[in-house]
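Chemist: Sharing upload37.pdb (PDB, C-alpha atoms, pLDDT in the B column) below.
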```pdb
ATOM      1  CA  MET A 275      -9.347 -15.239  10.331  1.00 68.00           C
ATOM      2  CA  ILE A 276      -9.908 -11.710   9.088  1.00 85.00           C
ATOM      3  CA  HIS A 277      -8.655  -9.047  11.486  1.00 90.00           C
ATOM      4  CA  PHE A 278      -9.971  -6.074   9.507  1.00 92.00           C
ATOM      5  CA  LYS A 279     -12.344  -3.951  11.571  1.00 91.00           C
ATOM      6  CA  ASP A 280     -12.884  -0.594   9.890  1.00 88.00           C
ATOM      7  CA  ASP A 281     -11.496   1.970   7.495  1.00 88.00           C
ATOM      8  CA  LEU A 282     -11.344   5.627   8.435  1.00 85.00           C
ATOM      9  CA  PRO A 283     -12.366   8.507   6.186  1.00 78.00           C
ATOM     10  CA  ASN A 284      -9.250   9.866   4.556  1.00 73.00           C
ATOM     11  CA  LYS A 285      -7.739  11.861   1.747  1.00 69.00           C
ATOM     12  CA  ASP A 286      -7.314  10.633  -1.804  1.00 72.00           C
ATOM     13  CA  SER A 287      -3.666   9.709  -1.247  1.00 76.00           C
ATOM     14  CA  ASN A 288      -4.043   7.773   2.051  1.00 89.00           C
ATOM     15  CA  LEU A 289      -5.796   4.611   3.137  1.00 91.00           C
ATOM     16  CA  ILE A 290      -6.320   4.206   6.878  1.00 93.00           C
ATOM     17  CA  TYR A 291      -7.423   0.871   8.341  1.00 94.00           C
ATOM     18  CA  ILE A 292      -8.116  -0.409  11.842  1.00 95.00           C
ATOM     19  CA  TYR A 293      -7.384  -4.052  12.733  1.00 95.00           C
ATOM     20  CA  GLN A 294      -8.053  -6.045  15.867  1.00 93.00           C
ATOM     21  CA  ASP A 295      -6.623  -9.151  17.582  1.00 92.00           C
ATOM     22  CA  LEU A 296      -3.082  -8.589  16.238  1.00 91.00           C
ATOM     23  CA  SER A 297       0.137  -7.168  17.625  1.00 92.00           C
ATOM     24  CA  VAL A 298       2.210  -4.640  15.685  1.00 93.00           C
ATOM     25  CA  ASN A 299       4.818  -7.328  14.870  1.00 94.00           C
ATOM     26  CA  GLU A 300       2.171  -9.747  13.615  1.00 94.00           C
ATOM     27  CA  MET A 301       0.643  -6.978  11.509  1.00 95.00           C
ATOM     28  CA  GLN A 302       4.037  -6.170   9.981  1.00 95.00           C
ATOM     29  CA  LYS A 303       4.415  -9.811   8.962  1.00 95.00           C
ATOM     30  CA  GLU A 304       0.894  -9.869   7.485  1.00 95.00           C
ATOM     31  CA  VAL A 305       1.546  -6.686   5.478  1.00 96.00           C
ATOM     32  CA  GLU A 306       4.873  -8.006   4.173  1.00 96.00           C
ATOM     33  CA  LYS A 307       3.213 -11.298   3.180  1.00 96.00           C
ATOM     34  CA  LEU A 308       0.358  -9.493   1.401  1.00 96.00           C
ATOM     35  CA  MET A 309       2.608  -7.052  -0.450  1.00 97.00           C
ATOM     36  CA  SER A 310       4.995  -9.845  -1.457  1.00 97.00           C
ATOM     37  CA  ALA A 311       2.060 -11.843  -2.841  1.00 97.00           C
ATOM     38  CA  LEU A 312       1.099  -8.763  -4.897  1.00 96.00           C
ATOM     39  CA  GLY A 313       4.602  -8.576  -6.377  1.00 96.00           C
ATOM     40  CA  TYR A 314       6.065  -5.817  -4.210  1.00 97.00           C
ATOM     41  CA  LYS A 315       9.520  -5.854  -2.712  1.00 96.00           C
ATOM     42  CA  HIS A 316      10.122  -4.404   0.737  1.00 95.00           C
ATOM     43  CA  LEU A 317      12.732  -1.645   0.660  1.00 95.00           C
ATOM     44  CA  GLY A 318      12.709  -1.194   4.439  1.00 92.00           C
ATOM     45  CA  GLN A 319      11.080   1.338   6.749  1.00 93.00           C
ATOM     46  CA  GLY A 320       7.604   0.464   5.450  1.00 94.00           C
ATOM     47  CA  LEU A 321       8.406   1.268   1.818  1.00 96.00           C
ATOM     48  CA  PHE A 322       7.170  -1.150  -0.875  1.00 97.00           C
ATOM     49  CA  GLU A 323       7.974  -0.953  -4.588  1.00 96.00           C
ATOM     50  CA  ARG A 324       6.893  -2.831  -7.712  1.00 96.00           C
ATOM     51  CA  GLY A 325       8.434  -2.269 -11.113  1.00 93.00           C
ATOM     52  CA  SER A 326      11.421  -0.225 -12.209  1.00 91.00           C
ATOM     53  CA  ARG A 327      11.618   3.533 -11.773  1.00 88.00           C
ATOM     54  CA  THR A 328      14.297   3.773 -14.479  1.00 90.00           C
ATOM     55  CA  LYS A 329      12.192   1.888 -17.023  1.00 90.00           C
ATOM     56  CA  ARG A 330       9.192   4.042 -16.122  1.00 86.00           C
ATOM     57  CA  LEU A 331      11.198   7.210 -16.809  1.00 86.00           C
ATOM     58  CA  LEU A 332      12.512   5.824 -20.109  1.00 88.00           C
ATOM     59  CA  PHE A 333       9.403   4.160 -21.482  1.00 89.00           C
ATOM     60  CA  GLY A 334       6.553   5.952 -19.668  1.00 81.00           C
ATOM     61  CA  ALA A 335       3.257   4.157 -19.162  1.00 81.00           C
ATOM     62  CA  PHE A 336       4.508   1.071 -21.034  1.00 88.00           C
ATOM     63  CA  CYS A 337       6.387   0.074 -17.864  1.00 89.00           C
ATOM     64  CA  LYS A 338       4.453  -0.023 -14.629  1.00 90.00           C
ATOM     65  CA  TYR A 339       5.951   1.386 -11.450  1.00 91.00           C
ATOM     66  CA  PHE A 340       4.321   1.687  -8.045  1.00 94.00           C
ATOM     67  CA  LYS A 341       5.689   2.760  -4.680  1.00 94.00           C
ATOM     68  CA  PHE A 342       3.728   2.857  -1.428  1.00 95.00           C
ATOM     69  CA  ARG A 343       4.587   3.577   2.201  1.00 96.00           C
ATOM     70  CA  VAL A 344       2.863   1.532   4.911  1.00 96.00           C
ATOM     71  CA  SER A 345       2.987   2.650   8.535  1.00 95.00           C
ATOM     72  CA  ILE A 346       1.720   0.519  11.394  1.00 96.00           C
ATOM     73  CA  GLU A 347       1.037   1.844  14.889  1.00 94.00           C
ATOM     74  CA  ASP A 348      -0.917   1.061  18.033  1.00 92.00           C
ATOM     75  CA  HIS A 349      -4.389   2.569  18.171  1.00 88.00           C
ATOM     76  CA  THR A 350      -6.958   2.576  20.967  1.00 85.00           C
ATOM     77  CA  ASN A 351      -8.169  -0.502  22.884  1.00 87.00           C
ATOM     78  CA  GLY A 352      -5.435  -2.815  21.593  1.00 87.00           C
ATOM     79  CA  GLU A 353      -6.281  -2.147  17.967  1.00 93.00           C
ATOM     80  CA  ILE A 354      -3.743  -1.523  15.202  1.00 95.00           C
ATOM     81  CA  LYS A 355      -3.870   1.430  12.802  1.00 94.00           C
ATOM     82  CA  VAL A 356      -2.376   0.898   9.339  1.00 95.00           C
ATOM     83  CA  THR A 357      -1.849   3.802   6.938  1.00 94.00           C
ATOM     84  CA  VAL A 358      -1.051   3.198   3.271  1.00 95.00           C
ATOM     85  CA  LYS A 359       0.224   6.239   1.404  1.00 94.00           C
ATOM     86  CA  LYS A 360       1.124   6.780  -2.243  1.00 91.00           C
ATOM     87  CA  ASP A 361       4.834   7.442  -2.613  1.00 89.00           C
ATOM     88  CA  THR A 362       4.607   8.003  -6.367  1.00 85.00           C
ATOM     89  CA  THR A 363       2.087   9.910  -8.458  1.00 79.00           C
ATOM     90  CA  GLY A 364       2.515   8.180 -11.800  1.00 77.00           C
ATOM     91  CA  LEU A 365       3.185  11.454 -13.622  1.00 79.00           C
ATOM     92  CA  SER A 366       6.268   9.993 -15.275  1.00 73.00           C
ATOM     93  CA  GLY A 367       3.842   7.790 -17.231  1.00 74.00           C
ATOM     94  CA  GLY A 368       1.604  10.695 -18.229  1.00 79.00           C
ATOM     95  CA  ALA A 369      -2.168  10.539 -17.872  1.00 85.00           C
ATOM     96  CA  ILE A 370      -2.106   6.760 -18.366  1.00 85.00           C
ATOM     97  CA  GLY A 371       0.492   6.416 -15.596  1.00 84.00           C
ATOM     98  CA  VAL A 372      -1.610   8.471 -13.189  1.00 88.00           C
ATOM     99  CA  ASN A 373      -4.610   6.235 -13.893  1.00 90.00           C
ATOM    100  CA  GLN A 374      -2.445   3.131 -13.389  1.00 89.00           C
ATOM    101  CA  VAL A 375      -1.450   4.370  -9.928  1.00 90.00           C
ATOM    102  CA  LYS A 376      -5.085   5.169  -9.052  1.00 90.00           C
ATOM    103  CA  LYS A 377      -6.168   1.691 -10.138  1.00 93.00           C
ATOM    104  CA  GLU A 378      -3.358   0.035  -8.164  1.00 93.00           C
ATOM    105  CA  PHE A 379      -4.254   2.143  -5.124  1.00 92.00           C
ATOM    106  CA  PHE A 380      -7.851   0.905  -5.389  1.00 92.00           C
ATOM    107  CA  ASN A 381      -6.619  -2.700  -5.709  1.00 94.00           C
ATOM    108  CA  LEU A 382      -4.504  -2.247  -2.576  1.00 93.00           C
ATOM    109  CA  SER A 383      -7.497  -0.822  -0.724  1.00 91.00           C
ATOM    110  CA  GLN A 384      -9.411  -4.014  -1.467  1.00 93.00           C
ATOM    111  CA  ALA A 385      -6.460  -6.272  -0.611  1.00 95.00           C
ATOM    112  CA  PHE A 386      -5.872  -4.667   2.791  1.00 95.00           C
ATOM    113  CA  ARG A 387      -9.461  -5.483   3.767  1.00 93.00           C
ATOM    114  CA  THR A 388      -8.603  -9.193   3.526  1.00 93.00           C
ATOM    115  CA  ILE A 389      -6.042  -9.167   6.354  1.00 91.00           C
TER
END
```
Represent the structure contained in this file as structure tokens.

Modeler:
Amino acid sequence: MIHFKDDLPNKDSNLIYIYQDLSVNEMQKEVEKLMSALGYKHLGQGLFERGSRTKRLLFGAFCKYFKFRVSIEDHTNGEIKVTVKKDTTGLSGGAIGVNQVKKEFFNLSQAFRTI
């Protein structure tokens, strides 16, 4: 069952989604499952990372590195508000790295609609 209800207008560096029929704990489990399936490891406190920061600094855009922060909170009428924020810009990979982060951010925006 898809719990996604709506996405809110936001800035370029944030994704804001509204979900229904889930508790905050259930939503946390769903987010962890989704991010794990996408290859991310959970660093705690809503922080998810994929790739190696050290390799990205050494080899630039040849090594992918993504880091996102996901916050989950109660919204109105028993709904859940999920905010996904970029925690890296990709500048260490140059222009290609910035585009990689933008593309990954778009992919995440599509993936979060499937919860």

Chemist: Report, as lines of an AutoDock Vina configuration file, the axis-aligned box around all atoms of stretch 322-325 of chain A present in the file, extended by 3 Å on each side; give centre and edge lengths in Å to one decimal place.

Modeler:
```
center_x = 7.7
center_y = -1.9
center_z = -6.0
size_x = 7.5
size_y = 7.9
size_z = 16.2
```

Chemist: For A:Ile370, which residue out of A:Arg327, A:His316, A:His277, A:Lys338 is the nearest one, using all atoms listed in the file?

Modeler: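 Among the listed residues, A:Lys338 lies closest to A:Ile370.
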
Chemist: Find the spatial neighbours of stretch 288-301 of chain A, counting only C-alpha atoms, within a cut-off of 10 Å - ignore same-chain residues fewer than 6 positions away - and output them as a PyMOL selection string.

Modeler: chain A and resi 275-282+307+342-360+379-380+382-383+386-387+389

Chemist: Restricting the calculation to all atoms listed in the file: of A:Phe336, A:Asp361, A:Gln302, A:Ser287, which residue gets closest to A:Glu323?

Modeler: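 Smallest distance to A:Glu323 is found for A:Asp361.
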
Chemist: Find the distance between atom CA of A:Gly313 and atom CA of A:Thr328 and write it in Å to one decimal.

Modeler: 17.7 Å

Chemist: Could you check the closest approach to A:Leu331 for each of A:Val372, A:Met309, A:Leu365, A:Ala385 and tell me which residue wins, using only C-alpha atoms?

Modeler: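 The answer is A:Leu365, which sits nearest to A:Leu331.
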
Chemist: Atom CA of A:Cys337 to atom CA of A:Thr363: how many Å, to one decimal?

Modeler: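 A separation of 14.3 Å between them.
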
Chemist: Just how far from atom CA of A:Arg330 is atom CA of A:Glu304, in Å to one decimal?

Modeler: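 Pair atom CA of A:Glu304 / atom CA of A:Arg330 returns 28.6 Å.
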
Chemist: Looking at all atoms listed in the file, which of A:Leu321, A:Leu312, A:Val305, A:Ala369 is the one that sits closest to A:Ala335?

Modeler: A:Ala369

Chemist: Which is closer to A:Lys376 than all the others in A:Lys303, A:Lys329, A:Lys315, A:Lys341, using all atoms listed in the file?

Modeler: A:Lys341

Chemist: Measuring atom to atom with all atoms listed in the file, identify which of A:Asp286, A:Tyr314, A:Gln319, A:Leu308 is nearest to A:Thr388.

Modeler: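 Selected residue with least distance to A:Thr388: A:Leu308.
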